[in-house]
file start.cif (mmCIF, C-alpha atoms and all ligand atoms)
data_final
loop_
_atom_site.label_atom_id
_atom_site.label_comp_id
_atom_site.auth_asym_id
_atom_site.auth_seq_id
_atom_site.Cartn_x
_atom_site.Cartn_y
_atom_site.Cartn_z
CA MET W 1234 20.45 -10.18 7.33
CA SER W 1235 17.71 -9.74 4.77
CA ARG W 1236 15.05 -7.18 5.44
CA SER W 1237 11.44 -8.19 5.91
CA PHE W 1238 10.27 -5.62 3.37
CA LEU W 1239 10.91 -4.35 -0.16
CA GLN W 1240 11.64 -0.71 -0.90
CA SER W 1241 11.62 1.78 -3.74
CA SER W 1242 14.83 3.69 -4.45
CA LEU W 1243 12.70 6.79 -5.15
CA LEU W 1244 11.43 7.48 -1.64
CA PRO W 1245 13.71 9.52 0.67
CA VAL W 1246 12.06 8.35 3.92
CA PRO W 1247 11.86 4.98 5.71
CA HIS W 1248 9.17 2.88 4.06
CA GLY W 1249 8.49 -0.64 2.91
CA PHE W 1250 6.24 -3.28 1.44
CA THR W 1251 6.52 -6.23 3.81
CA THR W 1252 7.08 -9.79 2.62
CA ARG W 1253 6.18 -13.02 4.46
CA GLU W 1254 9.65 -13.21 5.98
CA GLY W 1255 10.66 -12.52 9.56
CA GLY W 1256 7.49 -13.13 11.58
CA VAL W 1257 6.16 -15.67 14.08
CA SER W 1258 2.79 -16.63 12.58
CA GLU W 1259 2.12 -20.18 11.42
CA GLU W 1260 0.51 -21.41 8.20
CA PRO W 1261 -1.47 -20.19 6.44
CA PHE W 1262 -0.24 -16.90 7.93
CA ALA W 1263 3.46 -17.72 8.00
CA SER W 1264 5.23 -15.87 8.93
CA LEU W 1265 5.01 -12.05 8.97
CA ASN W 1266 1.22 -11.65 8.97
CA LEU W 1267 0.32 -8.06 9.84
CA GLY W 1268 -3.45 -8.38 9.51
CA PHE W 1269 -5.56 -8.66 12.67
CA ALA W 1270 -8.83 -9.52 10.92
CA VAL W 1271 -7.78 -12.66 9.03
CA GLY W 1272 -8.10 -15.32 11.75
CA ASP W 1273 -4.51 -15.41 12.99
CA VAL W 1274 -3.59 -15.54 16.70
CA ARG W 1275 -3.66 -11.93 17.94
CA GLU W 1276 -0.50 -12.24 20.07
CA ARG W 1277 1.47 -13.37 17.05
CA VAL W 1278 0.22 -10.48 14.94
CA VAL W 1279 1.21 -8.08 17.73
CA GLU W 1280 4.66 -9.70 17.93
CA ASN W 1281 5.03 -9.34 14.14
CA HIS W 1282 4.23 -5.63 14.41
CA GLN W 1283 6.75 -5.24 17.25
CA ARG W 1284 9.45 -6.94 15.18
CA LEU W 1285 8.79 -4.65 12.23
CA ALA W 1286 8.85 -1.53 14.41
CA ALA W 1287 12.10 -2.69 16.02
CA GLU W 1288 13.66 -3.35 12.60
CA LEU W 1289 12.71 0.19 11.56
CA GLY W 1290 13.64 1.84 14.82
CA VAL W 1291 10.24 3.56 14.98
CA PRO W 1292 7.78 3.36 17.91
CA LEU W 1293 4.79 1.14 17.25
CA ALA W 1294 2.59 3.68 19.06
CA THR W 1295 2.92 6.10 16.15
CA LEU W 1296 1.71 3.67 13.44
CA HIS W 1297 -1.68 4.64 12.04
CA THR W 1298 -3.96 2.35 10.05
CA VAL W 1299 -7.60 2.43 8.90
CA LYS W 1300 -10.40 -0.09 8.56
CA GLN W 1301 -10.20 -0.79 4.85
CA VAL W 1302 -13.48 -1.09 2.97
CA HIS W 1303 -12.55 -0.99 -0.76
CA GLY W 1304 -13.78 2.58 -1.02
CA GLU W 1305 -12.18 5.83 -2.14
CA ARG W 1306 -11.98 7.72 1.16
CA VAL W 1307 -8.62 9.15 2.24
CA VAL W 1308 -8.26 10.55 5.76
CA GLU W 1309 -5.68 12.36 7.85
CA ALA W 1310 -4.14 10.10 10.47
CA GLY W 1311 -5.68 10.83 13.86
CA ALA W 1312 -4.16 13.08 16.44
CA GLY W 1313 -3.18 12.00 19.92
CA GLU W 1314 -1.09 9.17 21.20
CA GLY W 1315 -2.67 5.77 21.47
CA SER W 1316 -2.33 3.78 24.66
CA GLU W 1317 -2.71 0.46 22.86
CA GLU W 1318 0.03 -0.93 20.67
CA PRO W 1319 -0.57 -1.19 17.86
CA ARG W 1320 -3.31 1.41 17.99
CA PRO W 1321 -6.70 0.35 16.57
CA PRO W 1322 -7.74 1.30 13.01
CA GLU W 1323 -8.93 4.90 12.70
CA GLY W 1324 -12.30 4.66 10.96
CA GLU W 1325 -13.33 3.34 7.55
CA ALA W 1326 -11.12 4.49 4.69
CA ASP W 1327 -8.61 3.12 2.19
CA GLY W 1328 -5.97 5.79 2.34
CA LEU W 1329 -4.42 7.92 5.05
CA TRP W 1330 -1.73 10.54 5.35
CA THR W 1331 0.20 12.42 7.98
CA ASP W 1332 2.48 15.42 8.31
CA ARG W 1333 3.49 14.63 11.90
CA PRO W 1334 7.18 13.91 12.36
CA GLY W 1335 7.85 10.43 13.70
CA HIS W 1336 4.45 9.08 12.77
CA TRP W 1337 3.86 6.43 10.13
CA VAL W 1338 0.90 5.28 8.08
CA GLY W 1339 0.23 1.86 6.60
CA VAL W 1340 -2.28 -0.17 4.61
CA GLY W 1341 -2.74 -3.93 4.49
CA THR W 1342 -2.82 -5.93 1.27
CA ALA W 1343 -2.80 -9.45 -0.11
CA ASP W 1344 -3.00 -8.89 -3.91
CA CYS W 1345 -4.46 -5.37 -3.93
CA VAL W 1346 -2.19 -2.53 -5.02
CA PRO W 1347 -0.38 -0.67 -2.22
CA VAL W 1348 0.73 2.87 -3.04
CA LEU W 1349 3.01 5.09 -0.96
CA LEU W 1350 3.17 8.83 -1.61
CA VAL W 1351 5.82 11.20 -0.32
CA ASP W 1352 5.99 14.99 -0.58
CA PRO W 1353 9.63 15.78 0.20
CA GLU W 1354 8.93 19.52 -0.10
CA GLY W 1355 5.82 19.86 2.07
CA GLN W 1356 6.87 16.87 4.17
CA ARG W 1357 3.76 14.74 4.03
CA VAL W 1358 3.44 10.98 3.57
CA ALA W 1359 0.47 8.82 2.54
CA ALA W 1360 -0.41 5.15 2.15
CA VAL W 1361 -3.21 3.93 -0.12
CA HIS W 1362 -4.94 0.57 -0.63
CA SER W 1363 -6.18 0.20 -4.21
CA GLY W 1364 -7.93 -3.02 -5.16
CA TRP W 1365 -9.93 -3.18 -8.37
CA LYS W 1366 -12.73 -1.17 -6.79
CA GLY W 1367 -10.40 1.49 -5.45
CA THR W 1368 -8.49 1.54 -8.71
CA GLU W 1369 -11.68 2.04 -10.71
CA ALA W 1370 -12.69 4.79 -8.26
CA ARG W 1371 -9.20 6.34 -8.69
CA ILE W 1372 -8.48 6.43 -4.97
CA VAL W 1373 -4.84 7.40 -5.59
CA ALA W 1374 -6.10 10.61 -7.22
CA ARG W 1375 -8.17 11.25 -4.07
CA ALA W 1376 -4.97 10.83 -2.03
CA VAL W 1377 -3.12 13.32 -4.25
CA GLU W 1378 -6.02 15.75 -3.85
CA ALA W 1379 -5.88 15.38 -0.06
CA LEU W 1380 -2.18 16.30 -0.08
CA VAL W 1381 -2.67 19.14 -2.57
CA ALA W 1382 -5.42 20.55 -0.34
CA ARG W 1383 -2.71 20.99 2.32
CA GLY W 1384 -0.31 22.67 -0.06
CA SER W 1385 1.54 19.83 -1.79
CA ARG W 1386 2.36 20.26 -5.48
CA PRO W 1387 1.55 17.18 -7.60
CA GLU W 1388 4.70 17.57 -9.69
CA ARG W 1389 6.80 17.36 -6.54
CA LEU W 1390 5.19 14.17 -5.23
CA LEU W 1391 6.99 10.83 -5.29
CA ALA W 1392 5.04 7.58 -5.57
CA ALA W 1393 5.91 3.91 -5.17
CA VAL W 1394 3.42 1.32 -6.41
CA GLY W 1395 4.11 -1.90 -4.52
CA PRO W 1396 3.83 -5.64 -5.15
CA CYS W 1397 0.33 -6.78 -6.12
CA ILE W 1398 -1.39 -9.38 -8.27
CA GLN W 1399 -0.02 -8.51 -11.70
CA ARG W 1400 -1.23 -8.91 -15.27
CA CYS W 1401 0.21 -12.45 -15.40
CA CYS W 1402 -2.30 -13.71 -12.82
CA TYR W 1403 -5.24 -11.35 -12.38
CA VAL W 1404 -7.99 -13.08 -14.36
CA VAL W 1405 -11.31 -11.19 -14.24
CA SER W 1406 -14.71 -11.30 -15.89
CA GLU W 1407 -15.31 -10.02 -19.40
CA GLU W 1408 -17.58 -7.38 -17.90
CA LEU W 1409 -14.87 -6.03 -15.58
CA GLY W 1410 -12.38 -6.06 -18.45
CA GLU W 1411 -14.75 -3.93 -20.48
CA ARG W 1412 -15.22 -1.50 -17.63
CA PHE W 1413 -11.45 -1.06 -17.20
CA THR W 1414 -10.98 -0.64 -20.94
CA ALA W 1415 -13.61 2.11 -20.91
CA CYS W 1416 -12.05 3.72 -17.83
CA PHE W 1417 -8.30 3.49 -18.54
CA GLY W 1418 -7.92 2.31 -22.13
CA PRO W 1419 -7.11 -1.10 -23.70
CA GLN W 1420 -3.51 -1.10 -22.42
CA VAL W 1421 -4.62 -2.09 -18.90
CA VAL W 1422 -6.43 -5.22 -20.11
CA VAL W 1423 -4.72 -8.38 -21.42
CA ARG W 1424 -6.81 -10.68 -23.61
CA GLU W 1425 -5.65 -14.20 -24.45
CA GLY W 1426 -8.25 -16.47 -25.98
CA SER W 1427 -11.30 -16.19 -23.77
CA GLN W 1428 -9.22 -15.06 -20.79
CA VAL W 1429 -9.30 -11.47 -19.58
CA ARG W 1430 -6.64 -10.18 -17.18
CA LEU W 1431 -6.18 -6.75 -15.60
CA ASP W 1432 -3.01 -4.73 -15.20
CA LEU W 1433 -4.02 -2.94 -12.02
CA SER W 1434 -0.65 -1.38 -11.26
CA ARG W 1435 -0.61 0.19 -14.73
CA ALA W 1436 -4.08 1.65 -14.18
CA VAL W 1437 -2.86 3.05 -10.85
CA ARG W 1438 0.24 4.52 -12.49
CA GLU W 1439 -1.84 6.19 -15.18
CA THR W 1440 -4.17 7.60 -12.55
CA LEU W 1441 -1.17 9.10 -10.73
CA LEU W 1442 0.10 10.67 -13.96
CA GLY W 1443 -3.40 11.99 -14.64
CA ALA W 1444 -3.35 13.57 -11.17
CA GLY W 1445 -0.23 15.51 -12.12
CA LEU W 1446 2.68 13.33 -10.99
CA LEU W 1447 5.71 13.15 -13.26
CA ALA W 1448 6.54 9.80 -14.88
CA GLU W 1449 10.06 9.73 -13.45
CA ARG W 1450 8.62 10.22 -9.98
CA VAL W 1451 6.40 7.12 -10.10
CA ASP W 1452 8.10 3.80 -9.37
CA VAL W 1453 6.21 0.57 -10.08
CA LEU W 1454 7.61 -2.53 -8.38
CA ALA W 1455 7.44 -5.66 -10.52
CA PRO W 1456 6.81 -8.61 -8.15
CA CYS W 1457 3.50 -10.46 -8.48
CA THR W 1458 1.97 -11.55 -5.17
CA ALA W 1459 0.14 -14.48 -6.78
CA CYS W 1460 3.25 -15.82 -8.59
CA ASP W 1461 5.60 -15.81 -5.61
CA ALA W 1462 4.17 -17.89 -2.76
CA ARG W 1463 7.46 -17.86 -0.87
CA ARG W 1464 7.54 -14.09 -0.47
CA PHE W 1465 3.91 -12.99 -0.65
CA PHE W 1466 0.42 -13.63 0.67
CA SER W 1467 -2.16 -13.82 -2.11
CA HIS W 1468 -5.89 -13.67 -1.42
CA ARG W 1469 -6.60 -15.09 -4.88
CA ARG W 1470 -3.99 -17.88 -4.85
CA ASP W 1471 -4.69 -18.90 -1.25
CA ALA W 1472 -8.49 -18.80 -1.70
CA GLY W 1473 -8.99 -16.17 0.97
CA ARG W 1474 -7.13 -17.89 3.85
CA THR W 1475 -3.91 -15.97 4.05
CA GLY W 1476 -2.12 -13.15 5.84
CA ARG W 1477 -1.74 -9.46 5.09
CA HIS W 1478 1.30 -7.43 4.22
CA LEU W 1479 1.75 -3.97 5.71
CA ASN W 1480 2.78 -1.25 3.27
CA PHE W 1481 4.07 1.67 5.29
CA VAL W 1482 5.79 5.01 5.09
CA VAL W 1483 7.37 6.88 7.99
CA HIS W 1484 7.38 10.67 8.35
CA ARG W 1485 11.12 10.88 8.96
CA PHE W 1486 12.73 13.24 6.48
CA PRO W 1487 16.46 13.78 6.19
CA ALA W 1488 17.48 16.82 8.23
CA ALA W 1489 18.91 18.58 5.18
CA SER W 1490 15.64 18.61 3.26
CA GLY W 1491 13.58 20.89 5.45
CA PRO W 1492 10.49 22.64 4.10
CA ILE W 1493 11.20 25.26 1.45
CA SER W 1494 9.68 28.57 2.41
ZN ZN Z 1 1.62 -13.43 -11.46
#

call {"tool": "encode", "arguments": {"input": "start.cif", "output": "structure tokens", "more": "lines below"}}
Ligand SMILES: [Zn+2]
result
Amino acid sequence: MSRSFLQSSLLPVPHGFTTREGGVSEEPFASLNLGFAVGDVRERVVENHQRLAAELGVPLATLHTVKQVHGERVVEAGAGEGSEEPRPPEGEADGLWTDRPGHWVGVGTADCVPVLLVDPEGQRVAAVHSGWKGTEARIVARAVEALVARGSRPERLLAAVGPCIQRCCYVVSEELGERFTACFGPQVVVREGSQVRLDLSRAVRETLLGAGLLAERVDVLAPCTACDARRFFSHRRDAGRTGRHLNFVVHRFPAASGPIS
């Protein structure tokens, strides 16, 4: 049976970038829509979450999310057990992390760049939503800083940059192209004739390297959400009426890799 999510071979904990497959929602949210705020039937979105949790073997009650606002704020996942399943978003932010065993964090996307961070040494996990605004604001560097503030070492962090709208499809204005060139260099902007396209995942990767991660510890997944309508929701391709993927990482480290004292 095929899984309903993609993974990176780098990360040593359960994690995934969900696809459209394996849910109960109907078009335009078919089928594994994991976004509550997109106009889908709530009961179906709940059922989709339950299916994902069952596939992972992780309680839905320990999934933490945030109300995403295209900002640069990264927060620690809230304490306490929720009585609702899934628990409601925990405030406005675009990244969250946890060091609580058994808990998991996730961000929703439909074209924006999802980034999962894992500290196998300090045993912390983080999920980040990085659209063009978050990418320009370098939210992934804020996430690294949040982990480092708790003792993580940047050179020990592992990162997986998930499926997003890629340089083949992400046409933007000349003005935004110029801003990204100024911010990250010309290699993140593709110019063909009068068309300007952004390479967001490359800008995110370079931000992670700038924050101290090692190149071999940053995995960038290739799929383009706008190109592949069978597997992915795309806000741009579907003109706003579409579902959301959940990009999640579970704090469940192999027993052998306990914290190094
Ligand atoms: Zn594409």

call {"tool": "residues_near_ligand", "arguments": {"input": "start.cif", "ligand": "ligand ZN 1 (chain Z)", "cutoff": "8 Å", "atoms": "only C-alpha atoms and all ligand atoms", "output": "MDAnalysis selection string"}}
result
chainID W and resid 1398:1403 1456:1461

call {"tool": "closest_residue", "arguments": {"input": "start.cif", "among": "W:Glu1254, W:Asp1332, W:Glu1411, W:Glu1369", "to": "Gly1355 of chain W", "atoms": "all atoms listed in the file"}}
result
W:Asp1332

call {"tool": "atom_distance", "arguments": {"input": "start.cif", "atom1": "atom CA of Leu1390 of chain W", "atom2": "atom CA of Gly1364 of chain W"}}
result
21.6 Å

call {"tool": "axis_aligned_box", "arguments": {"input": "start.cif", "around": "segment 1378-1387 of chain W", "padding_each_side": "8 Å", "output": "lines of an AutoDock Vina configuration file"}}
result
center_x = -1.8
center_y = 19.0
center_z = -2.6
size_x = 24.4
size_y = 23.3
size_z = 25.9

call {"tool": "atom_distance", "arguments": {"input": "start.cif", "atom1": "atom CA of Ala1286 of chain W", "atom2": "atom CA of Arg1320 of chain W"}}
result
13.0 Å

call {"tool": "residues_around", "arguments": {"input": "start.cif", "residues": "Ser1264 of chain W", "least_positions_apart": "2", "cutoff": "12 Å", "atoms": "only C-alpha atoms", "output": "ChimeraX atom specification"}}
result
/W:1237,1251-1262,1266-1268,1273-1274,1277-1278,1280-1282,1284,1462-1466,1475-1478

call {"tool": "residues_around", "arguments": {"input": "start.cif", "residues": "Arg1371 of chain W", "least_positions_apart": "4", "cutoff": "8 Å", "atoms": "all atoms listed in the file", "output": "PyMOL selection string"}}
result
chain W and resi 1305+1367+1375+1437+1440

call {"tool": "atom_distance", "arguments": {"input": "start.cif", "atom1": "atom CA of Gly1426 of chain W", "atom2": "atom CA of Glu1407 of chain W"}}
result
11.6 Å

call {"tool": "closest_residue", "arguments": {"input": "start.cif", "among": "W:Leu1454, W:Ala1263, W:Ala1310, W:Ala1359", "to": "Ser1242 of chain W", "atoms": "only C-alpha atoms"}}
result
W:Leu1454
